[in-house]
Amino acid sequence: MAENTLQNINEIATAEFLEKGFRGASLREIVKKAGVTTGAFYGYYKSKEELFSALVKPHAQTVSSLFGNLIEQFKSLPKSEWAKNMATFSKQGVVKIYEYAFNHKDAFRLILNASEGTEFENFVHNLVEQEIEITHIFYKEMEAQGYKPYAFDPTLEHIIISGEFAAIFELIIHDIPFEEGINCAQNIHDFYEAGWQSVLKLN
């Protein structure tokens, strides 16, 4: 019974947050629609913030860890293999992030469209910062290996990397069917990868 009540609260809250955003959603309305007393609600969650976090935090952490682990796997390769493997690892990351987000659509729609005012509103920005960090490490190693040095203007670099993540998550926001979405995600990566290859003169 308690498990069913919790599931009901979570489902009602998800719908409310998706419709109104975190700031606009009313805890009183969630409790009312869930058919529980305020006291009963507080037996599960201490606040609206804790409720929202319960819905999205495990998924945000999974994607962040997934991406971080892939970066560490890349860094563990012999540096002589970095140039030929960067695109492969990057594409794997894009596909894995998309697959996980697709399988947890509501959580990521909450993160992407409804998280303003919560600790998750900078989720995509944080992924971008992870990507920028490994990109800078990659730049330096490529220069050490004799490739032409290239330094992005920080604003341009952030915009380009943000653009790729935004494009991938647009597939989730617009509920693109999985097979079409995978194909789009791969093509999005290839589009951006071609730009990196051209700018960094790796071909």
# chains A, B, ... in the order shown; residues from 1 in each chain; ligands from 1
$ closest_atom_pairs --of "stretch 96-195 of chain A" --to "stretch 43-64 of chain A" --cutoff "12 Å" --atoms "only C-alpha atoms" --output "CSV"
residue,atom,partner,partner_atom,distance
A:Lys96,CA,A:Val63,CA,8.5
A:Ile97,CA,A:Val63,CA,6.3
A:Tyr98,CA,A:Val63,CA,9.5
A:Glu99,CA,A:Val63,CA,10.2
A:Tyr100,CA,A:Val63,CA,7.4
A:Ala101,CA,A:Val63,CA,8.1
A:Phe102,CA,A:His59,CA,11.3
A:Asn103,CA,A:His59,CA,10.2
A:His104,CA,A:His59,CA,7.6
A:Lys105,CA,A:His59,CA,10.0
A:Asp106,CA,A:Val56,CA,8.7
A:Ala107,CA,A:Val56,CA,5.1
A:Phe108,CA,A:Val56,CA,7.3
A:Arg109,CA,A:Val56,CA,9.5
A:Leu110,CA,A:Val56,CA,7.3
A:Ile111,CA,A:Val56,CA,6.9
A:Leu112,CA,A:Val56,CA,10.5
A:Ala114,CA,A:Phe52,CA,9.7
A:Ser115,CA,A:Phe52,CA,8.4
A:Glu116,CA,A:Phe52,CA,11.2
A:Gly117,CA,A:Glu49,CA,9.2
A:Thr118,CA,A:Glu49,CA,7.1
A:Glu119,CA,A:Ser53,CA,8.4
A:Phe120,CA,A:Lys57,CA,8.0
A:Glu121,CA,A:Ala60,CA,10.9
A:Asn122,CA,A:Ala60,CA,10.8
A:Phe123,CA,A:Ala60,CA,7.4
A:Val124,CA,A:Ala60,CA,9.7
A:His125,CA,A:Ser64,CA,11.4
A:Asn126,CA,A:Ser64,CA,8.5
A:Leu127,CA,A:Ser64,CA,7.0
A:Val128,CA,A:Ser64,CA,10.7
A:Glu129,CA,A:Ser64,CA,11.2
A:Gln130,CA,A:Ser64,CA,8.9
A:Glu131,CA,A:Ser64,CA,11.0
$ write_last_selection --atoms "N, CA, C and O atoms" --output "compact mmCIF listing (two decimals), in the first residue's frame"
# COMPACT_ATOMS: atom_id res chain seq x y z
N LYS A 96 25.31 6.71 -25.75
CA LYS A 96 24.96 6.22 -24.42
C LYS A 96 24.09 7.21 -23.65
O LYS A 96 23.13 6.83 -22.96
N ILE A 97 24.44 8.48 -23.75
CA ILE A 97 23.64 9.50 -23.08
C ILE A 97 22.23 9.52 -23.66
O ILE A 97 21.23 9.56 -22.93
N TYR A 98 22.14 9.48 -25.00
CA TYR A 98 20.82 9.48 -25.63
C TYR A 98 20.02 8.25 -25.22
O TYR A 98 18.82 8.37 -24.87
N GLU A 99 20.62 7.08 -25.26
CA GLU A 99 19.90 5.85 -24.91
C GLU A 99 19.37 5.91 -23.48
O GLU A 99 18.21 5.54 -23.23
N TYR A 100 20.21 6.35 -22.55
CA TYR A 100 19.77 6.40 -21.16
C TYR A 100 18.64 7.42 -21.00
O TYR A 100 17.63 7.15 -20.34
N ALA A 101 18.82 8.59 -21.61
CA ALA A 101 17.80 9.63 -21.50
C ALA A 101 16.49 9.17 -22.11
O ALA A 101 15.41 9.45 -21.58
N PHE A 102 16.57 8.46 -23.23
CA PHE A 102 15.35 7.96 -23.88
C PHE A 102 14.60 7.00 -22.96
O PHE A 102 13.37 7.03 -22.89
N ASN A 103 15.35 6.16 -22.25
CA ASN A 103 14.72 5.17 -21.37
C ASN A 103 14.20 5.77 -20.07
O ASN A 103 13.55 5.08 -19.27
N HIS A 104 14.52 7.05 -19.83
CA HIS A 104 14.06 7.75 -18.62
C HIS A 104 13.58 9.15 -19.03
O HIS A 104 14.01 10.16 -18.47
N LYS A 105 12.69 9.16 -20.01
CA LYS A 105 12.28 10.42 -20.65
C LYS A 105 11.73 11.45 -19.67
O LYS A 105 12.09 12.62 -19.73
N ASP A 106 10.83 11.01 -18.81
CA ASP A 106 10.19 11.98 -17.92
C ASP A 106 11.21 12.67 -17.02
O ASP A 106 11.14 13.88 -16.80
N ALA A 107 12.15 11.89 -16.50
CA ALA A 107 13.17 12.48 -15.63
C ALA A 107 13.97 13.53 -16.38
O ALA A 107 14.26 14.62 -15.85
N PHE A 108 14.31 13.25 -17.64
CA PHE A 108 15.14 14.21 -18.38
C PHE A 108 14.33 15.38 -18.90
O PHE A 108 14.85 16.49 -19.04
N ARG A 109 13.06 15.17 -19.15
CA ARG A 109 12.22 16.33 -19.48
C ARG A 109 12.08 17.25 -18.28
O ARG A 109 12.02 18.47 -18.42
N LEU A 110 12.02 16.66 -17.11
CA LEU A 110 12.00 17.48 -15.89
C LEU A 110 13.29 18.27 -15.76
O LEU A 110 13.28 19.47 -15.46
N ILE A 111 14.41 17.60 -15.98
CA ILE A 111 15.70 18.28 -15.87
C ILE A 111 15.83 19.39 -16.91
O ILE A 111 16.26 20.51 -16.61
N LEU A 112 15.43 19.09 -18.14
CA LEU A 112 15.64 20.00 -19.24
C LEU A 112 14.64 21.16 -19.28
O LEU A 112 15.00 22.28 -19.64
N ALA A 114 11.98 21.76 -16.64
CA ALA A 114 11.22 22.11 -15.43
C ALA A 114 12.08 22.33 -14.20
O ALA A 114 11.56 22.47 -13.10
N SER A 115 13.39 22.37 -14.36
CA SER A 115 14.28 22.36 -13.18
C SER A 115 14.75 23.72 -12.71
O SER A 115 15.53 23.80 -11.76
N GLU A 116 14.29 24.79 -13.35
CA GLU A 116 14.73 26.13 -12.90
C GLU A 116 14.35 26.32 -11.44
O GLU A 116 13.22 26.06 -11.03
N GLY A 117 15.32 26.74 -10.65
CA GLY A 117 15.10 26.91 -9.23
C GLY A 117 15.54 25.73 -8.40
O GLY A 117 15.39 25.73 -7.18
N THR A 118 16.10 24.72 -9.06
CA THR A 118 16.60 23.54 -8.36
C THR A 118 18.10 23.39 -8.63
O THR A 118 18.67 24.08 -9.48
N GLU A 119 18.72 22.44 -7.95
CA GLU A 119 20.14 22.18 -8.14
C GLU A 119 20.44 21.57 -9.50
O GLU A 119 21.61 21.44 -9.89
N PHE A 120 19.41 21.20 -10.25
CA PHE A 120 19.59 20.51 -11.53
C PHE A 120 19.48 21.44 -12.73
O PHE A 120 19.61 20.99 -13.87
N GLU A 121 19.25 22.73 -12.49
CA GLU A 121 19.05 23.63 -13.62
C GLU A 121 20.31 23.82 -14.46
O GLU A 121 20.24 24.23 -15.62
N ASN A 122 21.47 23.48 -13.89
CA ASN A 122 22.73 23.59 -14.64
C ASN A 122 23.25 22.24 -15.11
O ASN A 122 24.44 22.10 -15.41
N PHE A 123 22.38 21.26 -15.19
CA PHE A 123 22.79 19.91 -15.57
C PHE A 123 23.53 19.88 -16.90
O PHE A 123 24.63 19.33 -17.00
N VAL A 124 22.94 20.45 -17.94
CA VAL A 124 23.58 20.43 -19.26
C VAL A 124 24.87 21.24 -19.24
O VAL A 124 25.89 20.82 -19.80
N HIS A 125 24.85 22.38 -18.57
CA HIS A 125 26.06 23.19 -18.43
C HIS A 125 27.20 22.38 -17.81
O HIS A 125 28.35 22.48 -18.25
N ASN A 126 26.89 21.57 -16.82
CA ASN A 126 27.92 20.76 -16.16
C ASN A 126 28.49 19.70 -17.10
O ASN A 126 29.69 19.42 -17.06
N LEU A 127 27.64 19.12 -17.94
CA LEU A 127 28.14 18.18 -18.94
C LEU A 127 29.06 18.89 -19.93
O LEU A 127 30.10 18.35 -20.33
N VAL A 128 28.66 20.08 -20.31
CA VAL A 128 29.48 20.88 -21.23
C VAL A 128 30.85 21.15 -20.61
O VAL A 128 31.89 21.04 -21.28
N GLU A 129 30.89 21.47 -19.33
CA GLU A 129 32.16 21.73 -18.66
C GLU A 129 33.04 20.48 -18.62
O GLU A 129 34.27 20.58 -18.76
N GLN A 130 32.43 19.30 -18.43
CA GLN A 130 33.20 18.06 -18.49
C GLN A 130 33.82 17.89 -19.87
O GLN A 130 34.99 17.49 -20.00
N GLU A 131 33.03 18.17 -20.90
CA GLU A 131 33.51 18.03 -22.28
C GLU A 131 34.63 19.03 -22.57
O GLU A 131 35.64 18.69 -23.21
$ residues_around --residues "stretch 195-198 of chain A" --least-positions-apart "3" --cutoff "12 Å" --atoms "only C-alpha atoms" --output "CSV table (one decimal) with all heavy atoms, in the first residue's frame"
chain,number,residue,atom,x,y,z
A,83,ALA,N,44.4,10.5,-31.0
A,83,ALA,CA,43.9,11.2,-32.2
A,83,ALA,C,42.9,10.3,-33.0
A,83,ALA,O,41.9,10.7,-33.4
A,83,ALA,CB,45.0,11.6,-33.1
A,84,LYS,N,43.3,9.0,-33.1
A,84,LYS,CA,42.4,8.1,-33.9
A,84,LYS,C,41.2,7.5,-33.1
A,84,LYS,O,40.3,7.0,-33.7
A,84,LYS,CB,43.2,6.9,-34.4
A,84,LYS,CG,43.7,5.9,-33.4
A,84,LYS,CD,44.5,4.8,-34.1
A,84,LYS,CE,44.9,3.7,-33.0
A,84,LYS,NZ,45.7,2.6,-33.7
A,86,MET,N,39.5,9.5,-30.5
A,86,MET,CA,38.7,10.5,-29.9
A,86,MET,C,37.3,10.5,-30.5
A,86,MET,O,36.3,10.6,-29.7
A,86,MET,CB,39.4,11.9,-30.1
A,86,MET,CG,38.6,13.1,-29.5
A,86,MET,SD,38.3,12.9,-27.7
A,86,MET,CE,38.4,14.6,-27.1
A,87,ALA,N,37.2,10.5,-31.8
A,87,ALA,CA,35.9,10.5,-32.4
A,87,ALA,C,35.0,9.3,-32.0
A,87,ALA,O,33.8,9.4,-31.7
A,87,ALA,CB,36.0,10.5,-33.9
A,90,SER,N,33.9,9.8,-28.4
A,90,SER,CA,32.9,10.9,-28.3
A,90,SER,C,31.5,10.4,-28.8
A,90,SER,O,30.5,10.7,-28.2
A,90,SER,CB,33.4,12.0,-29.2
A,90,SER,OG,32.5,13.1,-29.2
A,135,THR,N,38.5,18.2,-23.7
A,135,THR,CA,38.9,18.8,-25.0
A,135,THR,C,40.2,19.6,-24.8
A,135,THR,O,41.1,19.5,-25.7
A,135,THR,CB,37.8,19.7,-25.5
A,135,THR,OG1,36.6,18.9,-25.7
A,135,THR,CG2,38.2,20.3,-26.8
A,138,PHE,N,43.0,17.2,-24.6
A,138,PHE,CA,43.2,16.7,-25.9
A,138,PHE,C,44.0,17.7,-26.8
A,138,PHE,O,44.9,17.3,-27.5
A,138,PHE,CB,41.8,16.3,-26.6
A,138,PHE,CG,41.9,15.8,-27.9
A,138,PHE,CD1,42.4,14.5,-28.1
A,138,PHE,CD2,41.5,16.5,-29.0
A,138,PHE,CE1,42.5,13.9,-29.4
A,138,PHE,CE2,41.6,15.9,-30.3
A,138,PHE,CZ,42.1,14.6,-30.5
A,139,TYR,N,43.6,18.9,-26.7
A,139,TYR,CA,44.3,20.0,-27.5
A,139,TYR,C,45.8,19.9,-27.2
A,139,TYR,O,46.7,19.9,-28.0
A,139,TYR,CB,43.9,21.4,-27.0
A,139,TYR,CG,42.5,21.8,-27.5
A,139,TYR,CD1,41.9,22.9,-26.9
A,139,TYR,CD2,41.8,21.2,-28.5
A,139,TYR,CE1,40.7,23.4,-27.2
A,139,TYR,CE2,40.6,21.7,-28.9
A,139,TYR,CZ,40.0,22.8,-28.3
A,139,TYR,OH,38.8,23.3,-28.6
A,142,MET,N,47.6,16.9,-28.5
A,142,MET,CA,47.8,17.0,-30.0
A,142,MET,C,48.9,17.9,-30.4
A,142,MET,O,49.7,17.7,-31.3
A,142,MET,CB,46.4,17.4,-30.6
A,142,MET,CG,45.3,16.4,-30.5
A,142,MET,SD,45.7,14.7,-31.2
A,142,MET,CE,46.3,13.9,-29.8
A,147,TYR,N,50.7,18.4,-33.9
A,147,TYR,CA,49.6,19.0,-34.7
A,147,TYR,C,49.6,20.5,-34.4
A,147,TYR,O,50.1,21.0,-33.4
A,147,TYR,CB,48.3,18.5,-34.2
A,147,TYR,CG,48.1,17.0,-34.6
A,147,TYR,CD1,48.4,16.0,-33.7
A,147,TYR,CD2,47.5,16.7,-35.9
A,147,TYR,CE1,48.2,14.6,-34.1
A,147,TYR,CE2,47.3,15.4,-36.2
A,147,TYR,CZ,47.7,14.3,-35.3
A,147,TYR,OH,47.5,13.0,-35.7
A,148,LYS,N,49.1,21.2,-35.4
A,148,LYS,CA,49.0,22.7,-35.3
A,148,LYS,C,48.2,23.1,-34.1
A,148,LYS,O,47.1,22.7,-33.9
A,148,LYS,CB,48.4,23.3,-36.6
A,148,LYS,CG,48.3,24.8,-36.6
A,148,LYS,CD,47.6,25.3,-37.9
A,148,LYS,CE,47.4,26.8,-37.9
A,148,LYS,NZ,46.7,27.2,-39.1
A,150,TYR,N,45.8,25.0,-31.7
A,150,TYR,CA,44.6,25.8,-32.0
A,150,TYR,C,43.9,26.1,-30.7
A,150,TYR,O,43.6,25.1,-29.9
A,150,TYR,CB,43.6,25.1,-32.9
A,150,TYR,CG,42.5,26.0,-33.4
A,150,TYR,CD1,42.6,26.7,-34.5
A,150,TYR,CD2,41.3,26.1,-32.6
A,150,TYR,CE1,41.6,27.6,-35.0
A,150,TYR,CE2,40.3,27.0,-33.0
A,150,TYR,CZ,40.4,27.7,-34.2
A,150,TYR,OH,39.4,28.5,-34.6
A,151,ALA,N,43.6,27.3,-30.4
A,151,ALA,CA,42.9,27.7,-29.2
A,151,ALA,C,41.6,28.3,-29.5
A,151,ALA,O,41.5,29.4,-30.2
A,151,ALA,CB,43.7,28.6,-28.3
A,152,PHE,N,40.5,27.7,-29.1
A,152,PHE,CA,39.2,28.3,-29.3
A,152,PHE,C,39.0,29.5,-28.4
A,152,PHE,O,39.4,29.6,-27.3
A,152,PHE,CB,38.1,27.3,-28.9
A,152,PHE,CG,37.6,26.5,-30.0
A,152,PHE,CD1,38.0,25.2,-30.2
A,152,PHE,CD2,36.7,27.0,-31.0
A,152,PHE,CE1,37.6,24.4,-31.2
A,152,PHE,CE2,36.3,26.2,-32.0
A,152,PHE,CZ,36.7,24.9,-32.1
A,157,GLU,N,33.8,28.2,-28.0
A,157,GLU,CA,34.0,26.9,-27.6
A,157,GLU,C,32.8,26.4,-26.8
A,157,GLU,O,32.2,25.3,-27.1
A,157,GLU,CB,35.3,26.7,-26.8
A,157,GLU,CG,35.5,25.3,-26.4
A,157,GLU,CD,36.8,25.2,-25.5
A,157,GLU,OE1,36.9,25.9,-24.5
A,157,GLU,OE2,37.6,24.3,-25.9
A,160,ILE,N,29.7,26.0,-29.1
A,160,ILE,CA,29.7,24.9,-30.0
A,160,ILE,C,29.4,23.6,-29.2
A,160,ILE,O,28.6,22.8,-29.6
A,160,ILE,CB,31.1,24.8,-30.7
A,160,ILE,CG1,31.2,25.9,-31.7
A,160,ILE,CG2,31.2,23.4,-31.4
A,160,ILE,CD1,32.6,26.0,-32.3
A,161,ILE,N,30.0,23.4,-28.1
A,161,ILE,CA,29.8,22.2,-27.3
A,161,ILE,C,28.4,22.2,-26.7
A,161,ILE,O,27.8,21.1,-26.7
A,161,ILE,CB,30.9,22.1,-26.2
A,161,ILE,CG1,32.3,21.9,-26.8
A,161,ILE,CG2,30.6,20.9,-25.2
A,161,ILE,CD1,33.4,21.8,-25.9
A,164,GLU,N,25.9,20.9,-29.3
A,164,GLU,CA,25.8,19.5,-29.6
A,164,GLU,C,24.9,18.8,-28.5
A,164,GLU,O,24.0,18.0,-28.8
A,164,GLU,CB,27.1,18.8,-29.6
A,164,GLU,CG,27.0,17.3,-29.9
A,164,GLU,CD,28.3,16.6,-30.2
A,164,GLU,OE1,29.4,17.3,-30.1
A,164,GLU,OE2,28.3,15.5,-30.6
A,188,ILE,N,24.1,13.9,-35.7
A,188,ILE,CA,24.5,15.1,-35.0
A,188,ILE,C,26.0,15.1,-34.6
A,188,ILE,O,26.7,16.0,-34.8
A,188,ILE,CB,23.6,15.3,-33.7
A,188,ILE,CG1,22.2,15.7,-34.2
A,188,ILE,CG2,24.1,16.4,-32.8
A,188,ILE,CD1,21.1,15.6,-33.1
A,189,HIS,N,26.4,13.9,-34.0
A,189,HIS,CA,27.8,13.8,-33.6
A,189,HIS,C,28.7,14.0,-34.8
A,189,HIS,O,29.7,14.7,-34.7
A,189,HIS,CB,28.0,12.5,-32.9
A,189,HIS,CG,29.5,12.3,-32.7
A,189,HIS,ND1,30.3,11.6,-33.6
A,189,HIS,CD2,30.3,12.6,-31.7
A,189,HIS,CE1,31.6,11.6,-33.2
A,189,HIS,NE2,31.6,12.2,-32.0
A,190,ASP,N,28.4,13.3,-35.9
A,190,ASP,CA,29.2,13.3,-37.1
A,190,ASP,C,29.3,14.7,-37.6
A,190,ASP,O,30.4,15.1,-38.1
A,190,ASP,CB,28.7,12.4,-38.1
A,190,ASP,CG,28.9,10.9,-37.7
A,190,ASP,OD1,29.6,10.6,-36.8
A,190,ASP,OD2,28.2,10.0,-38.4
A,191,PHE,N,28.2,15.5,-37.6
A,191,PHE,CA,28.2,16.8,-38.0
A,191,PHE,C,29.2,17.7,-37.2
A,191,PHE,O,30.0,18.4,-37.8
A,191,PHE,CB,26.8,17.4,-37.9
A,191,PHE,CG,26.7,18.9,-38.2
A,191,PHE,CD1,26.6,19.3,-39.6
A,191,PHE,CD2,26.7,19.9,-37.3
A,191,PHE,CE1,26.5,20.6,-39.9
A,191,PHE,CE2,26.6,21.2,-37.6
A,191,PHE,CZ,26.5,21.6,-38.9
A,192,TYR,N,29.1,17.6,-35.9
A,192,TYR,CA,30.0,18.3,-35.0
A,192,TYR,C,31.5,17.8,-35.1
A,192,TYR,O,32.4,18.6,-35.1
A,192,TYR,CB,29.5,18.3,-33.6
A,192,TYR,CG,28.5,19.3,-33.3
A,192,TYR,CD1,27.1,19.0,-33.5
A,192,TYR,CD2,28.8,20.6,-32.9
A,192,TYR,CE1,26.1,19.9,-33.2
A,192,TYR,CE2,27.8,21.6,-32.7
A,192,TYR,CZ,26.4,21.2,-32.9
A,192,TYR,OH,25.5,22.1,-32.6
A,201,LYS,N,42.6,20.5,-37.6
A,201,LYS,CA,43.5,19.9,-38.6
A,201,LYS,C,44.0,18.5,-38.3
A,201,LYS,O,45.2,18.2,-38.4
A,201,LYS,CB,44.7,20.9,-38.8
A,201,LYS,CG,44.4,22.3,-39.0
A,201,LYS,CD,43.5,22.6,-40.2
A,201,LYS,CE,43.3,24.1,-40.3
A,201,LYS,NZ,42.3,24.4,-41.4
A,202,LEU,N,43.0,17.7,-37.9
A,202,LEU,CA,43.4,16.3,-37.6
A,202,LEU,C,43.4,15.3,-38.8
A,202,LEU,O,43.8,14.2,-38.7
A,202,LEU,CB,42.5,15.8,-36.4
A,202,LEU,CG,42.7,16.5,-35.1
A,202,LEU,CD1,41.7,15.9,-34.1
A,202,LEU,CD2,44.1,16.6,-34.6
A,203,ASN,N,42.8,15.8,-39.9
A,203,ASN,CA,42.7,14.9,-41.0
A,203,ASN,C,44.0,15.0,-41.8
A,203,ASN,O,44.7,16.0,-41.8
A,203,ASN,CB,41.6,15.4,-41.9
A,203,ASN,CG,40.2,15.0,-41.3
A,203,ASN,OD1,40.1,14.0,-40.6
A,203,ASN,ND2,39.2,15.8,-41.6
$ closest_residue --among "A:Ile71, A:Leu18, A:Val94, A:Val199" --to "A:Ala167" --atoms "only C-alpha atoms"
A:Val94
$ atom_distance --atom1 "atom CA of A:Glu133" --atom2 "atom CA of A:Gln145"
18.9 Å
$ residues_around --residues "A:Thr38" --least-positions-apart "6" --cutoff "9 Å" --atoms "only C-alpha atoms" --output "list in words"
Arg28, Val31 and Lys32 of chain A
$ write_last_selection --atoms "all heavy atoms" --output "mmCIF file, in the first residue's frame"
data_model
loop_
_atom_site.group_PDB
_atom_site.id
_atom_site.type_symbol
_atom_site.label_atom_id
_atom_site.label_comp_id
_atom_site.auth_asym_id
_atom_site.auth_seq_id
_atom_site.Cartn_x
_atom_site.Cartn_y
_atom_site.Cartn_z
ATOM 1 N N ARG A 28 0.663 21.776 -2.594
ATOM 2 C CA ARG A 28 -0.720 21.557 -2.128
ATOM 3 C C ARG A 28 -1.540 20.856 -3.211
ATOM 4 O O ARG A 28 -2.331 19.941 -2.922
ATOM 5 C CB ARG A 28 -1.354 22.899 -1.772
ATOM 6 C CG ARG A 28 -2.796 22.783 -1.284
ATOM 7 C CD ARG A 28 -3.348 24.150 -0.902
ATOM 8 N NE ARG A 28 -2.618 24.729 0.204
ATOM 9 C CZ ARG A 28 -2.868 25.929 0.718
ATOM 10 N NH1 ARG A 28 -3.839 26.681 0.196
ATOM 11 N NH2 ARG A 28 -2.166 26.383 1.738
ATOM 12 N N VAL A 31 -0.455 17.155 -3.545
ATOM 13 C CA VAL A 31 -1.019 16.368 -2.444
ATOM 14 C C VAL A 31 -2.498 16.100 -2.684
ATOM 15 O O VAL A 31 -2.989 14.971 -2.505
ATOM 16 C CB VAL A 31 -0.805 17.102 -1.099
ATOM 17 C CG1 VAL A 31 -1.623 16.444 0.006
ATOM 18 C CG2 VAL A 31 0.674 17.115 -0.733
ATOM 19 N N LYS A 32 -3.207 17.132 -3.113
ATOM 20 C CA LYS A 32 -4.644 16.998 -3.366
ATOM 21 C C LYS A 32 -4.919 15.979 -4.461
ATOM 22 O O LYS A 32 -5.778 15.086 -4.307
ATOM 23 C CB LYS A 32 -5.223 18.361 -3.758
ATOM 24 C CG LYS A 32 -6.707 18.344 -4.077
ATOM 25 C CD LYS A 32 -7.168 19.743 -4.463
ATOM 26 C CE LYS A 32 -8.632 19.727 -4.879
ATOM 27 N NZ LYS A 32 -9.097 21.097 -5.300
#
$ closest_residue --among "A:Thr155, A:Gln7, A:Ser162, A:Thr88" --to "A:Phe74" --atoms "only C-alpha atoms"
A:Thr88
$ closest_residue --among "A:Asn113, A:Thr37, A:Asn85, A:Asn183" --to "A:Ala166" --atoms "only C-alpha atoms"
A:Asn113
$ select_by_dssp --residues "stretch 10-187 of chain A" --states "helix (DSSP H, G or I)" --output "number ranges by chain"
A: 10-24, 27-34, 38-42, 48-75, 79-103, 105-113, 123-144, 154-173, 178-187
$ atom_distance --atom1 "atom CA of A:Glu193" --atom2 "atom CA of A:Gly68"
19.4 Å
$ closest_residue --among "A:Phe17, A:Tyr42, A:Phe22, A:Phe67" --to "A:Val95" --atoms "only C-alpha atoms"
A:Phe67
